[in-house]
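A.B. asks: Here you go, one structure.
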Amino acid sequence: MSRPDLVHPRDALFDAGDLLPELPVCDHYAGVEARMRKALALQAELGPAFDVTLDIEDGAPVGGEVEHAHLIAELLTGEQNQFGRVGVRLPQTTHAAFAETARVIVERAGARAAYLMLPKVDSVAELQAAATEIDRLADQAGQARRIPLHALIETHGGLREVQALAAHPRIESLSFGLMDFVSAHRGAIPQSAMSAQGQFEHPLVLRAKLEIAAACHGHAKVPSHCVVTEFKDEAAIQAAAERAARQLGYLRMWSIHPDQIRPIIDAFAPSVAEVDQAIEIIMAARAANWAPIRHGHRGREQLHDRASYRYFWQVLQRAHRTSFAGGPQLPAEVRLEFFDA
């Protein structure tokens with residue numbers, strides 16, 4: 001049973017500015033109506049272990065962006081959006097349909113959109129202009145809520161200003177756009193750098209990934225890793241997701257096919273041994289009112305304090321976020337103690 005006299009890790013270990021947005025580790029994109037409905041049905045089945053992003057930019061036929069936005073608004077406000085973890089990718093801010101599609105989404109479904117994704121953001125000025133317009137539409141619709149914004153870094157300008165973009169107060173997450181980034185180099189980066197393995201080997205691509213991840217962590221935002229186009233190769237997606245999570249510091253990754261969702265979530269989930277160790281240390285630390293403790297077997301004990309407590313608490317958070325409905329990683333007593341409202 002929860003002890004109200006014991007301080008929660010979130011309150012004991014972190015200042016307000018240190019807390020990351022609590023986003024699922026997988027962001028699944030769908031743009032065609034049948035696939036959008038299938039994605040929502042799968043989320044309803046598995047639980048909010050992954051987000052669904054309904055895609056106007058790549059999902060709408062040319063000239064049909066506004067009509068597609070109306071369809072997405074209907075899905076956002078429908079029964080299939082059970083958890084409030086459905087976002088929308090708008091057209092590029094320079095696109096002729098940006099203002100009208102944003103109006104449709106904000107007016108009709110602003111209260112239900114988990115976030116709005118802005119593609120090809122090239123500068124802080126562009127981001128600020130988009131945020132101002134979205135907020136104006138919300139005010140006009142009588143909505144006090146400020147919809148969180150995500151942005152895609154896939155241009156030279158976006159990468160140049162990545163620190164300032166990550167620092168922007170409306171940004172919740174930055175994603176890396178692999179395909180457009182490679183194309184922006186006018187053939188200087190080979191096609192192989194867009195493959196599941198090659199994207200981790202080309203120096204210019206790797207540099208971009210690392211700069212985005214570092215900027216996000218520096219400003220308490222969530223870095224989101226790019227797609228793997230070999231969507232039927234489960235081993236390739238698993239390996240890429242593990243490298244993104246374990247080597248490059250990414251906390252989230254895009255899926256473009258339903259078969260990619262489970263491998264991504266599994267790759268970002270901590271192991272059973274990691275979870276067991278984190279539970280032991282966090283429970284002992286809390287019992288000690290977050291003073292330093294010793295942990296381990298005799299002769300192999302280690303000293304832990306608030307610095308390592310923060311790490312182990314984040315392991316538990318990640319375990320909670322990567323749990324599917326009906327199959328939680330965390331024991332019931334741990335979920336009740338720390339995560340259940």
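The way I read the labels, and the way they are meant: chains A, B, ... in the order of the structure tokens, residue 1 as the first residue of every chain, and ligand 1 as the first ligand shown, with later ones counted on from there.
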Show which residues sit within 8 Å of region 9-14 of chain A, as a list in words. Count only C-alpha atoms, and ignore same-chain residues fewer than 3 positions away.

C.D. replies: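 Answer for this query is Gly17, Asp18, Leu19, Arg286, Trp290, Arg306, Tyr309, Arg310 and Trp313 of chain A.
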
A.B. asks: Quick one: residues within 7 Å of region 35-44 of chain A, only C-alpha atoms counted, chain neighbours fewer than 4 positions away excluded, as a JSON list (two decimals) with C-alpha atoms, in the first residue's frame?

C.D. replies:
[["chain", "number", "residue", "atom", "x", "y", "z"],
["A", 30, "ALA", "CA", -0.18, 6.57, -40.71],
["A", 31, "GLY", "CA", -1.71, 8.74, -43.41],
["A", 48, "PRO", "CA", -0.82, 3.72, -24.92],
["A", 52, "VAL", "CA", -0.18, 7.39, -33.32],
["A", 54, "LEU", "CA", -2.08, 10.94, -38.27],
["A", 80, "GLN", "CA", -10.98, 5.08, -31.24],
["A", 81, "ASN", "CA", -8.88, 7.83, -29.67],
["A", 82, "GLN", "CA", -9.14, 6.17, -26.28]]

A.B. asks: Using only C-alpha atoms, what table do you get, as a Markdown table, when you list each residue of region 4-35 of chain A with an atom no more than 12 Å from region 134-155 of chain A, its nearest pair of atoms, and their distance in Å rounded to one decimal, rows by chain then rising number?

C.D. replies:
| residue | atom | partner | partner_atom | distance |
| --- | --- | --- | --- | --- |
| A:Pro21 | CA | A:Pro148 | CA | 10.0 |
| A:Leu23 | CA | A:His150 | CA | 11.5 |
| A:Asp27 | CA | A:His150 | CA | 11.5 |

A.B. asks: In Å, how far is it from CA of Val32 (chain A) to CA of Gly63 (chain A)?

C.D. replies: 15.0 Å

A.B. asks: Could you give me, as an MDAnalysis selection string, the residues within 12 Å of region 212-219 of chain A, counting only C-alpha atoms and dropping anything in the same chain fewer than 5 positions from it?

C.D. replies: chainID A and resid 17:21 150:154 158:177 205:207 224:226 244:245 247:253

A.B. asks: Name all residues at most 10 Å from region 330-332 of chain A (count only C-alpha atoms; drop same-chain ones fewer than 4 positions away) and give them as a ChimeraX atom specification.

C.D. replies: /A:272,275-276,279,316-317,319-320,323,336-337,339-340

A.B. asks: Rounded to one decimal in Å, what is the spacing between CA of Val124 (chain A) and CA of Ile105 (chain A)?

C.D. replies: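 One can read the CA of Val124 (chain A) to CA of Ile105 (chain A) distance as 22.7 Å.
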
A.B. asks: Can you tell me which residues surround Ala325 (chain A) at a distance of at most 9 Å, considering only C-alpha atoms, apart from same-chain residues fewer than 4 positions away, and format the answer as a short mmCIF file (atom, residue, chain, number, x, y, z; two decimals) with N, CA and C atoms, in the first residue's frame?

C.D. replies:
data_model
loop_
_atom_site.label_atom_id
_atom_site.label_comp_id
_atom_site.auth_asym_id
_atom_site.auth_seq_id
_atom_site.Cartn_x
_atom_site.Cartn_y
_atom_site.Cartn_z
N GLU A 45 -6.08 -1.76 -28.65
CA GLU A 45 -5.83 -3.13 -28.20
C GLU A 45 -4.62 -3.23 -27.28
N LEU A 46 -3.52 -2.57 -27.66
CA LEU A 46 -2.26 -2.73 -26.94
C LEU A 46 -2.08 -1.73 -25.80
N GLY A 47 -2.86 -0.65 -25.82
CA GLY A 47 -2.69 0.39 -24.81
C GLY A 47 -1.78 1.50 -25.30
N PRO A 48 -1.60 2.54 -24.50
CA PRO A 48 -0.82 3.72 -24.92
C PRO A 48 0.68 3.53 -24.81
N ALA A 49 1.17 2.34 -25.19
CA ALA A 49 2.62 2.11 -25.21
C ALA A 49 3.25 2.76 -26.43
#

A.B. asks: Could you give me the residues within region 30-229 of chain A that DSSP places in alpha helix (DSSP H), as number ranges by chain?

C.D. replies: A: 33-46, 65-76, 98-109, 124-140, 156-160, 162-167, 178-183, 203-218
